[in-house]
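A.B. asks: Below is one structure. I have some questions about it.
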Amino acid sequence: MESDITLIVDGTNHRLTVDTRTSLLDAVREQLGVIAPKKGCDHGQCGACTVLVEGRRVPSCLMLAVANDGANVTTSAGLASGGELHPLHTAFLEHDAFQCGYCTPGQICSAAALLDEAAAGTPSVVTSDVAGIPALDGAEIRERMSGNLCRCGAYVKIVAAIEDVARARGL
Ligand code: FES
Ligand code: FES
């Protein structure tokens with residue numbers, strides 16, 4: 001069965017026809033040619049496909065495209081605006097926080113959401129004081145990024161890059 005849907009990807013409206021079994025990841029990559037999100041496991045386990053849907057991070061391999069009709073989808077590429085890199089892009093470059101780069105778009109989308117979640121006061125399992133804004137120390141960042149795996153093992157530099165941006169935002 002097929003359905004006609006609209007996806008707004010990185011600010012651009014797309015009308016497309018999808019098999020109702022098509023994942024959001026496959027619709028974005030294969031049908032729209034937006035290749036920032038990567039397919040790693042295709043089973044919700046690695047985070048390479050992470051995008052923001054209406055500002056919330058999701059593993060797009062586990063979402064059905066048809067269930068996101070009309071949604072705003074932001075990929076790592078879409079976090080840049082007006083030709084300017086997002087501060088997370090810059091921090092990852094400055095810290096050399098990648099090797100092959102395959103996991104990087106998902107890491108950056110997840111990190112962008114992490115910063116917003118902490119700023120909104122959302123605690124994680126390692127937050128000691130759940131009443132305030134959680135301070136994004138290394139333990140908080142590692143816990144909140146635990147859904148994003150890096151087969152190159154660039155974790156130390158990924159945490160350092162996110163810490164830099166968190167400090168700049170007073171988190
Ligand atoms: S490709 Fe989606 S979580 Fe691995
Ligand atoms: S930089 Fe290679 S998988 Fe993370």
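Every chain in the structure tokens has a letter given in the order shown (A, B, ...), and although residue numbers restart at 1 in each chain, ligands are simply numbered from 1 in the order shown.
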Within 7 Å of ligand 1, counting only C-alpha atoms and all ligand atoms, which protein or nucleic acid residues do you find, written as a list in words?
C.D. replies: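 With only C-alpha atoms and all ligand atoms and a cut-off of 7 Å, ligand 1 is contacted by Lys38, Lys39, Gly40, Cys41, Asp42, His43, Gly44, Gln45, Cys46, Gly47, Ala48, Cys49, Thr50, Pro59, Ser60, Cys61 and Leu62 of chain A.
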A.B. asks: Using only C-alpha atoms and all ligand atoms, find each protein or nucleic acid residue lying at most 8 Å from ligand 2; present the set as a list in words.
C.D. replies: Ala97, Phe98, Gln99, Cys100, Gly101, Tyr102, Cys103, Thr104, Leu149, Cys150, Arg151, Cys152, Gly153 and Ala154 of chain A
A.B. asks: List the neighbours of Gly170 in chain A out to 10 Å using only C-alpha atoms; skip same-chain residues closer than 2 positions along the sequence, and give me the result as a ChimeraX atom specification.
C.D. replies: /A:119,135-136,164-168
A.B. asks: Contacts of Glu94 in chain A at 12 Å or less, counting only C-alpha atoms, minus same-chain residues fewer than 3 places along, as a ChimeraX atom specification?
C.D. replies: /A:87-91,97-98,157-158,160-162,164-165
A.B. asks: Looking at only C-alpha atoms, which of A:Gly55, A:Gly70, A:Gly82, A:Pro105 is the one that sits closest to Asn13 in chain A?
C.D. replies: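 Selected residue with least distance to Asn13 in chain A: A:Gly70.
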A.B. asks: Let me make sure I understand: among A:Asn72, A:Ala77, A:Leu171, A:Ala139, which one has the smallest atom-to-atom distance to Ala120 in chain A if we use only C-alpha atoms?
C.D. replies: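 Distance minimum relative to Ala120 in chain A lands on A:Leu171.
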A.B. asks: If you run DSSP over the backbone, which residues in chain A end up strand (DSSP E or B)? Put them as a PDB file with all heavy atoms, in the first residue's frame.
C.D. replies:
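Written output follows (part37.pdb):
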```
ATOM      1  N   GLU A   2       0.462   2.249  -0.762  1.00  0.00           N
ATOM      2  CA  GLU A   2       1.260   3.480  -0.836  1.00  0.00           C
ATOM      3  C   GLU A   2       0.463   4.659  -0.293  1.00  0.00           C
ATOM      4  O   GLU A   2      -0.776   4.650  -0.303  1.00  0.00           O
ATOM      5  CB  GLU A   2       1.669   3.752  -2.286  1.00  0.00           C
ATOM      6  CG  GLU A   2       2.626   2.690  -2.831  1.00  0.00           C
ATOM      7  CD  GLU A   2       3.235   3.105  -4.148  1.00  0.00           C
ATOM      8  OE1 GLU A   2       2.550   3.808  -4.911  1.00  0.00           O
ATOM      9  OE2 GLU A   2       4.391   2.723  -4.405  1.00  0.00           O
ATOM     10  N   SER A   3       1.195   5.667   0.182  1.00  0.00           N
ATOM     11  CA  SER A   3       0.549   6.891   0.676  1.00  0.00           C
ATOM     12  C   SER A   3       1.308   8.099   0.174  1.00  0.00           C
ATOM     13  O   SER A   3       2.546   8.068   0.063  1.00  0.00           O
ATOM     14  CB  SER A   3       0.563   6.930   2.204  1.00  0.00           C
ATOM     15  OG  SER A   3      -0.390   6.071   2.730  1.00  0.00           O
ATOM     16  N   ASP A   4       0.579   9.176  -0.078  1.00  0.00           N
ATOM     17  CA  ASP A   4       1.205  10.458  -0.411  1.00  0.00           C
ATOM     18  C   ASP A   4       1.391  11.240   0.876  1.00  0.00           C
ATOM     19  O   ASP A   4       0.429  11.411   1.642  1.00  0.00           O
ATOM     20  CB  ASP A   4       0.308  11.256  -1.365  1.00  0.00           C
ATOM     21  CG  ASP A   4       0.164  10.563  -2.701  1.00  0.00           C
ATOM     22  OD1 ASP A   4       1.127   9.899  -3.133  1.00  0.00           O
ATOM     23  OD2 ASP A   4      -0.929  10.649  -3.302  1.00  0.00           O
ATOM     24  N   ILE A   5       2.608  11.683   1.114  1.00  0.00           N
ATOM     25  CA  ILE A   5       2.891  12.420   2.348  1.00  0.00           C
ATOM     26  C   ILE A   5       3.736  13.657   2.022  1.00  0.00           C
ATOM     27  O   ILE A   5       4.266  13.803   0.920  1.00  0.00           O
ATOM     28  CB  ILE A   5       3.651  11.556   3.392  1.00  0.00           C
ATOM     29  CG1 ILE A   5       5.033  11.143   2.862  1.00  0.00           C
ATOM     30  CG2 ILE A   5       2.838  10.339   3.795  1.00  0.00           C
ATOM     31  CD1 ILE A   5       5.936  10.545   3.934  1.00  0.00           C
ATOM     32  N   THR A   6       3.834  14.518   3.029  1.00  0.00           N
ATOM     33  CA  THR A   6       4.726  15.674   2.950  1.00  0.00           C
ATOM     34  C   THR A   6       5.752  15.550   4.062  1.00  0.00           C
ATOM     35  O   THR A   6       5.414  15.211   5.197  1.00  0.00           O
ATOM     36  CB  THR A   6       3.935  16.991   3.168  1.00  0.00           C
ATOM     37  OG1 THR A   6       2.930  17.087   2.170  1.00  0.00           O
ATOM     38  CG2 THR A   6       4.852  18.204   3.069  1.00  0.00           C
ATOM     39  N   LEU A   7       6.998  15.796   3.735  1.00  0.00           N
ATOM     40  CA  LEU A   7       8.046  15.900   4.757  1.00  0.00           C
ATOM     41  C   LEU A   7       8.745  17.234   4.556  1.00  0.00           C
ATOM     42  O   LEU A   7       9.055  17.616   3.425  1.00  0.00           O
ATOM     43  CB  LEU A   7       9.072  14.765   4.622  1.00  0.00           C
ATOM     44  CG  LEU A   7       8.615  13.346   4.953  1.00  0.00           C
ATOM     45  CD1 LEU A   7       9.742  12.351   4.653  1.00  0.00           C
ATOM     46  CD2 LEU A   7       8.173  13.220   6.411  1.00  0.00           C
ATOM     47  N   ILE A   8       8.986  17.935   5.639  1.00  0.00           N
ATOM     48  CA  ILE A   8       9.749  19.181   5.571  1.00  0.00           C
ATOM     49  C   ILE A   8      11.137  18.850   6.107  1.00  0.00           C
ATOM     50  O   ILE A   8      11.314  18.640   7.310  1.00  0.00           O
ATOM     51  CB  ILE A   8       9.080  20.285   6.411  1.00  0.00           C
ATOM     52  CG1 ILE A   8       7.619  20.448   5.966  1.00  0.00           C
ATOM     53  CG2 ILE A   8       9.833  21.610   6.285  1.00  0.00           C
ATOM     54  CD1 ILE A   8       6.713  20.984   7.051  1.00  0.00           C
ATOM     55  N   VAL A   9      12.078  18.718   5.199  1.00  0.00           N
ATOM     56  CA  VAL A   9      13.416  18.264   5.593  1.00  0.00           C
ATOM     57  C   VAL A   9      14.388  19.424   5.460  1.00  0.00           C
ATOM     58  O   VAL A   9      14.568  19.984   4.370  1.00  0.00           O
ATOM     59  CB  VAL A   9      13.874  17.066   4.731  1.00  0.00           C
ATOM     60  CG1 VAL A   9      15.257  16.589   5.167  1.00  0.00           C
ATOM     61  CG2 VAL A   9      12.880  15.926   4.839  1.00  0.00           C
ATOM     62  N   THR A  12      12.987  22.393   3.687  1.00  0.00           N
ATOM     63  CA  THR A  12      12.441  22.270   2.331  1.00  0.00           C
ATOM     64  C   THR A  12      11.258  21.309   2.322  1.00  0.00           C
ATOM     65  O   THR A  12      11.365  20.191   2.837  1.00  0.00           O
ATOM     66  CB  THR A  12      13.528  21.767   1.355  1.00  0.00           C
ATOM     67  OG1 THR A  12      14.620  22.689   1.377  1.00  0.00           O
ATOM     68  CG2 THR A  12      12.997  21.651  -0.062  1.00  0.00           C
ATOM     69  N   ASN A  13      10.157  21.752   1.734  1.00  0.00           N
ATOM     70  CA  ASN A  13       8.951  20.919   1.623  1.00  0.00           C
ATOM     71  C   ASN A  13       9.097  19.887   0.511  1.00  0.00           C
ATOM     72  O   ASN A  13       9.516  20.243  -0.592  1.00  0.00           O
ATOM     73  CB  ASN A  13       7.749  21.803   1.253  1.00  0.00           C
ATOM     74  CG  ASN A  13       6.970  22.197   2.465  1.00  0.00           C
ATOM     75  OD1 ASN A  13       7.544  22.539   3.490  1.00  0.00           O
ATOM     76  ND2 ASN A  13       5.651  22.153   2.352  1.00  0.00           N
ATOM     77  N   HIS A  14       8.744  18.658   0.813  1.00  0.00           N
ATOM     78  CA  HIS A  14       8.786  17.609  -0.205  1.00  0.00           C
ATOM     79  C   HIS A  14       7.463  16.859  -0.191  1.00  0.00           C
ATOM     80  O   HIS A  14       6.991  16.459   0.870  1.00  0.00           O
ATOM     81  CB  HIS A  14       9.901  16.592   0.098  1.00  0.00           C
ATOM     82  CG  HIS A  14      11.265  17.170   0.149  1.00  0.00           C
ATOM     83  ND1 HIS A  14      12.052  17.319  -0.966  1.00  0.00           N
ATOM     84  CD2 HIS A  14      12.003  17.622   1.194  1.00  0.00           C
ATOM     85  CE1 HIS A  14      13.225  17.846  -0.615  1.00  0.00           C
ATOM     86  NE2 HIS A  14      13.214  18.037   0.684  1.00  0.00           N
ATOM     87  N   ARG A  15       6.890  16.644  -1.380  1.00  0.00           N
ATOM     88  CA  ARG A  15       5.754  15.733  -1.507  1.00  0.00           C
ATOM     89  C   ARG A  15       6.316  14.421  -2.048  1.00  0.00           C
ATOM     90  O   ARG A  15       7.116  14.424  -2.982  1.00  0.00           O
ATOM     91  CB  ARG A  15       4.718  16.278  -2.510  1.00  0.00           C
ATOM     92  CG  ARG A  15       3.991  17.501  -2.039  1.00  0.00           C
ATOM     93  CD  ARG A  15       2.940  17.204  -0.984  1.00  0.00           C
ATOM     94  NE  ARG A  15       1.885  16.300  -1.440  1.00  0.00           N
ATOM     95  CZ  ARG A  15       1.073  15.628  -0.617  1.00  0.00           C
ATOM     96  NH1 ARG A  15       1.239  15.734   0.695  1.00  0.00           N
ATOM     97  NH2 ARG A  15       0.129  14.843  -1.092  1.00  0.00           N
ATOM     98  N   LEU A  16       5.949  13.333  -1.439  1.00  0.00           N
ATOM     99  CA  LEU A  16       6.451  12.062  -1.944  1.00  0.00           C
ATOM    100  C   LEU A  16       5.439  10.951  -1.703  1.00  0.00           C
ATOM    101  O   LEU A  16       4.552  11.081  -0.859  1.00  0.00           O
ATOM    102  CB  LEU A  16       7.812  11.703  -1.335  1.00  0.00           C
ATOM    103  CG  LEU A  16       7.957  11.465   0.164  1.00  0.00           C
ATOM    104  CD1 LEU A  16       9.289  10.759   0.431  1.00  0.00           C
ATOM    105  CD2 LEU A  16       7.931  12.756   0.955  1.00  0.00           C
ATOM    106  N   THR A  17       5.586   9.918  -2.485  1.00  0.00           N
ATOM    107  CA  THR A  17       4.728   8.747  -2.333  1.00  0.00           C
ATOM    108  C   THR A  17       5.581   7.640  -1.737  1.00  0.00           C
ATOM    109  O   THR A  17       6.654   7.336  -2.260  1.00  0.00           O
ATOM    110  CB  THR A  17       4.171   8.301  -3.705  1.00  0.00           C
ATOM    111  OG1 THR A  17       3.459   9.407  -4.268  1.00  0.00           O
ATOM    112  CG2 THR A  17       3.240   7.116  -3.559  1.00  0.00           C
ATOM    113  N   VAL A  18       5.109   7.102  -0.614  1.00  0.00           N
ATOM    114  CA  VAL A  18       5.898   6.062   0.054  1.00  0.00           C
ATOM    115  C   VAL A  18       5.082   4.789   0.226  1.00  0.00           C
ATOM    116  O   VAL A  18       3.866   4.847   0.425  1.00  0.00           O
ATOM    117  CB  VAL A  18       6.384   6.519   1.450  1.00  0.00           C
ATOM    118  CG1 VAL A  18       7.401   7.636   1.344  1.00  0.00           C
ATOM    119  CG2 VAL A  18       5.224   6.931   2.353  1.00  0.00           C
ATOM    120  N   ASP A  19       5.774   3.680   0.135  1.00  0.00           N
ATOM    121  CA  ASP A  19       5.205   2.422   0.617  1.00  0.00           C
ATOM    122  C   ASP A  19       5.001   2.620   2.119  1.00  0.00           C
ATOM    123  O   ASP A  19       5.875   3.183   2.784  1.00  0.00           O
ATOM    124  CB  ASP A  19       6.217   1.293   0.343  1.00  0.00           C
ATOM    125  CG  ASP A  19       5.673  -0.078   0.710  1.00  0.00           C
ATOM    126  OD1 ASP A  19       5.292  -0.254   1.893  1.00  0.00           O
ATOM    127  OD2 ASP A  19       5.641  -0.966  -0.151  1.00  0.00           O
ATOM    128  N   SER A  23      10.726   3.270   6.107  1.00  0.00           N
ATOM    129  CA  SER A  23      11.175   4.015   7.293  1.00  0.00           C
ATOM    130  C   SER A  23      11.410   5.481   6.924  1.00  0.00           C
ATOM    131  O   SER A  23      11.637   5.822   5.754  1.00  0.00           O
ATOM    132  CB  SER A  23      12.468   3.406   7.849  1.00  0.00           C
ATOM    133  OG  SER A  23      13.537   3.668   6.960  1.00  0.00           O
ATOM    134  N   THR A  50      20.199   9.190  13.577  1.00  0.00           N
ATOM    135  CA  THR A  50      19.467  10.157  14.417  1.00  0.00           C
ATOM    136  C   THR A  50      19.189  11.453  13.667  1.00  0.00           C
ATOM    137  O   THR A  50      20.085  12.054  13.068  1.00  0.00           O
ATOM    138  CB  THR A  50      20.269  10.470  15.696  1.00  0.00           C
ATOM    139  OG1 THR A  50      20.549   9.252  16.375  1.00  0.00           O
ATOM    140  CG2 THR A  50      19.481  11.408  16.622  1.00  0.00           C
ATOM    141  N   VAL A  51      17.936  11.873  13.707  1.00  0.00           N
ATOM    142  CA  VAL A  51      17.526  13.188  13.194  1.00  0.00           C
ATOM    143  C   VAL A  51      16.632  13.818  14.255  1.00  0.00           C
ATOM    144  O   VAL A  51      16.234  13.156  15.224  1.00  0.00           O
ATOM    145  CB  VAL A  51      16.753  13.080  11.853  1.00  0.00           C
ATOM    146  CG1 VAL A  51      17.629  12.483  10.764  1.00  0.00           C
ATOM    147  CG2 VAL A  51      15.458  12.290  12.020  1.00  0.00           C
ATOM    148  N   LEU A  52      16.320  15.081  14.063  1.00  0.00           N
ATOM    149  CA  LEU A  52      15.372  15.752  14.947  1.00  0.00           C
ATOM    150  C   LEU A  52      14.026  15.809  14.238  1.00  0.00           C
ATOM    151  O   LEU A  52      13.954  16.262  13.084  1.00  0.00           O
ATOM    152  CB  LEU A  52      15.845  17.167  15.266  1.00  0.00           C
ATOM    153  CG  LEU A  52      17.276  17.278  15.832  1.00  0.00           C
ATOM    154  CD1 LEU A  52      17.641  18.745  16.041  1.00  0.00           C
ATOM    155  CD2 LEU A  52      17.396  16.512  17.135  1.00  0.00           C
ATOM    156  N   VAL A  53      12.986  15.324  14.889  1.00  0.00           N
ATOM    157  CA  VAL A  53      11.627  15.459  14.369  1.00  0.00           C
ATOM    158  C   VAL A  53      10.898  16.403  15.317  1.00  0.00           C
ATOM    159  O   VAL A  53      10.757  16.107  16.504  1.00  0.00           O
ATOM    160  CB  VAL A  53      10.910  14.100  14.281  1.00  0.00           C
ATOM    161  CG1 VAL A  53       9.445  14.298  13.920  1.00  0.00           C
ATOM    162  CG2 VAL A  53      11.584  13.203  13.240  1.00  0.00           C
ATOM    163  N   ARG A  56      12.838  16.965  18.434  1.00  0.00           N
ATOM    164  CA  ARG A  56      13.180  15.857  19.338  1.00  0.00           C
ATOM    165  C   ARG A  56      13.980  14.814  18.583  1.00  0.00           C
ATOM    166  O   ARG A  56      13.651  14.449  17.457  1.00  0.00           O
ATOM    167  CB  ARG A  56      11.910  15.220  19.909  1.00  0.00           C
ATOM    168  CG  ARG A  56      11.081  16.210  20.731  1.00  0.00           C
ATOM    169  CD  ARG A  56       9.970  15.517  21.470  1.00  0.00           C
ATOM    170  NE  ARG A  56      10.494  14.593  22.470  1.00  0.00           N
ATOM    171  CZ  ARG A  56       9.718  13.825  23.229  1.00  0.00           C
ATOM    172  NH1 ARG A  56       8.425  13.858  23.088  1.00  0.00           N
ATOM    173  NH2 ARG A  56      10.260  13.028  24.122  1.00  0.00           N
ATOM    174  N   ARG A  57      15.041  14.302  19.227  1.00  0.00           N
ATOM    175  CA  ARG A  57      15.891  13.339  18.530  1.00  0.00           C
ATOM    176  C   ARG A  57      15.200  11.982  18.448  1.00  0.00           C
ATOM    177  O   ARG A  57      14.614  11.504  19.427  1.00  0.00           O
ATOM    178  CB  ARG A  57      17.252  13.213  19.218  1.00  0.00           C
ATOM    179  CG  ARG A  57      17.194  12.973  20.712  1.00  0.00           C
ATOM    180  CD  ARG A  57      18.591  12.890  21.272  1.00  0.00           C
ATOM    181  NE  ARG A  57      18.602  13.075  22.720  1.00  0.00           N
ATOM    182  CZ  ARG A  57      19.639  12.801  23.472  1.00  0.00           C
ATOM    183  NH1 ARG A  57      20.749  12.320  22.928  1.00  0.00           N
ATOM    184  NH2 ARG A  57      19.599  12.994  24.772  1.00  0.00           N
ATOM    185  N   VAL A  58      15.319  11.362  17.294  1.00  0.00           N
ATOM    186  CA  VAL A  58      14.725  10.042  17.078  1.00  0.00           C
ATOM    187  C   VAL A  58      15.658   9.220  16.195  1.00  0.00           C
ATOM    188  O   VAL A  58      16.366   9.764  15.350  1.00  0.00           O
ATOM    189  CB  VAL A  58      13.339  10.123  16.386  1.00  0.00           C
ATOM    190  CG1 VAL A  58      12.334  10.850  17.255  1.00  0.00           C
ATOM    191  CG2 VAL A  58      13.444  10.765  15.015  1.00  0.00           C
ATOM    192  N   PRO A  59      15.642   7.896  16.371  1.00  0.00           N
ATOM    193  CA  PRO A  59      16.330   7.020  15.411  1.00  0.00           C
ATOM    194  C   PRO A  59      15.412   6.856  14.208  1.00  0.00           C
ATOM    195  O   PRO A  59      14.374   6.198  14.296  1.00  0.00           O
ATOM    196  CB  PRO A  59      16.513   5.710  16.193  1.00  0.00           C
ATOM    197  CG  PRO A  59      15.463   5.727  17.253  1.00  0.00           C
ATOM    198  CD  PRO A  59      15.034   7.152  17.491  1.00  0.00           C
ATOM    199  N   LEU A  64       8.259   5.175  10.946  1.00  0.00           N
ATOM    200  CA  LEU A  64       7.658   5.050   9.622  1.00  0.00           C
ATOM    201  C   LEU A  64       7.496   6.443   9.016  1.00  0.00           C
ATOM    202  O   LEU A  64       7.044   7.375   9.692  1.00  0.00           O
ATOM    203  CB  LEU A  64       6.299   4.360   9.710  1.00  0.00           C
ATOM    204  CG  LEU A  64       6.334   2.870  10.051  1.00  0.00           C
ATOM    205  CD1 LEU A  64       4.934   2.349  10.277  1.00  0.00           C
ATOM    206  CD2 LEU A  64       7.046   2.075   8.963  1.00  0.00           C
ATOM    207  N   ASN A  72       8.390  18.326  10.572  1.00  0.00           N
ATOM    208  CA  ASN A  72       9.658  19.011  10.333  1.00  0.00           C
ATOM    209  C   ASN A  72      10.783  18.078  10.740  1.00  0.00           C
ATOM    210  O   ASN A  72      10.870  17.691  11.905  1.00  0.00           O
ATOM    211  CB  ASN A  72       9.744  20.267  11.212  1.00  0.00           C
ATOM    212  CG  ASN A  72       9.221  21.477  10.484  1.00  0.00           C
ATOM    213  OD1 ASN A  72       9.809  21.915   9.499  1.00  0.00           O
ATOM    214  ND2 ASN A  72       8.099  21.992  10.960  1.00  0.00           N
ATOM    215  N   VAL A  73      11.625  17.738   9.794  1.00  0.00           N
ATOM    216  CA  VAL A  73      12.750  16.837  10.051  1.00  0.00           C
ATOM    217  C   VAL A  73      14.037  17.634   9.866  1.00  0.00           C
ATOM    218  O   VAL A  73      14.231  18.269   8.825  1.00  0.00           O
ATOM    219  CB  VAL A  73      12.725  15.635   9.072  1.00  0.00           C
ATOM    220  CG1 VAL A  73      13.912  14.711   9.313  1.00  0.00           C
ATOM    221  CG2 VAL A  73      11.410  14.871   9.185  1.00  0.00           C
ATOM    222  N   THR A  74      14.887  17.618  10.878  1.00  0.00           N
ATOM    223  CA  THR A  74      16.160  18.336  10.768  1.00  0.00           C
ATOM    224  C   THR A  74      17.299  17.338  10.842  1.00  0.00           C
ATOM    225  O   THR A  74      17.386  16.543  11.787  1.00  0.00           O
ATOM    226  CB  THR A  74      16.311  19.376  11.896  1.00  0.00           C
ATOM    227  OG1 THR A  74      15.170  20.230  11.885  1.00  0.00           O
ATOM    228  CG2 THR A  74      17.573  20.201  11.720  1.00  0.00           C
ATOM    229  N   SER A  81      23.065  27.083   9.329  1.00  0.00           N
ATOM    230  CA  SER A  81      22.098  28.025   8.765  1.00  0.00           C
ATOM    231  C   SER A  81      22.823  29.217   8.156  1.00  0.00           C
ATOM    232  O   SER A  81      23.829  29.693   8.699  1.00  0.00           O
ATOM    233  CB  SER A  81      21.103  28.494   9.833  1.00  0.00           C
ATOM    234  OG  SER A  81      21.718  29.335  10.757  1.00  0.00           O
ATOM    235  N   GLU A  84      26.490  29.235   7.777  1.00  0.00           N
ATOM    236  CA  GLU A  84      27.294  29.165   9.013  1.00  0.00           C
ATOM    237  C   GLU A  84      27.136  27.782   9.642  1.00  0.00           C
ATOM    238  O   GLU A  84      26.020  27.276   9.772  1.00  0.00           O
ATOM    239  CB  GLU A  84      26.786  30.209  10.024  1.00  0.00           C
ATOM    240  CG  GLU A  84      26.982  31.648   9.593  1.00  0.00           C
ATOM    241  CD  GLU A  84      28.446  32.064   9.647  1.00  0.00           C
ATOM    242  OE1 GLU A  84      29.142  31.650  10.600  1.00  0.00           O
ATOM    243  OE2 GLU A  84      28.881  32.777   8.738  1.00  0.00           O
TER     244      GLU A  84
END
```
A.B. asks: Name the residues in contact with Gly138 in chain A at a cut-off of 10 Å, using only C-alpha atoms, excluding same-chain residues fewer than 3 positions from it; report them as a ChimeraX atom specification.
C.D. replies: /A:135,141-144,156,159-160,162-163
A.B. asks: Taking the backbone alone, and naming residues the way the document does, which bits of range 2-167 of chain A are alpha helix (DSSP H) by DSSP, as a PyMOL selection string?
C.D. replies: chain A and resi 24-26+76-79+87-95+104-119+138-144+155-167
A.B. asks: With only C-alpha atoms as the basis for distance, which of A:Gln31, A:Asn148, A:Ser110, A:Thr122 is at the shortest distance from Ser76 in chain A?
C.D. replies: A:Ser110
A.B. asks: What's the separation between CA of Pro134 in chain A and CA of Gly121 in chain A, in Å to one decimal place?
C.D. replies: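 That distance, rounded to one decimal, is 6.3 Å.
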A.B. asks: Point out the residue among A:Ser124, A:Asn68, A:Thr75, A:Thr22 with the least atom-to-atom distance to Gln107 in chain A, counting only C-alpha atoms.
C.D. replies: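 Closest candidate: A:Thr75.
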A.B. asks: Hey, which of A:Glu54, A:Glu30, A:Glu117, A:Asp129 ends up closest to Asp69 in chain A? Count only C-alpha atoms.
C.D. replies: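 Checking each candidate against Asp69 in chain A, we get A:Glu54 as the closest.
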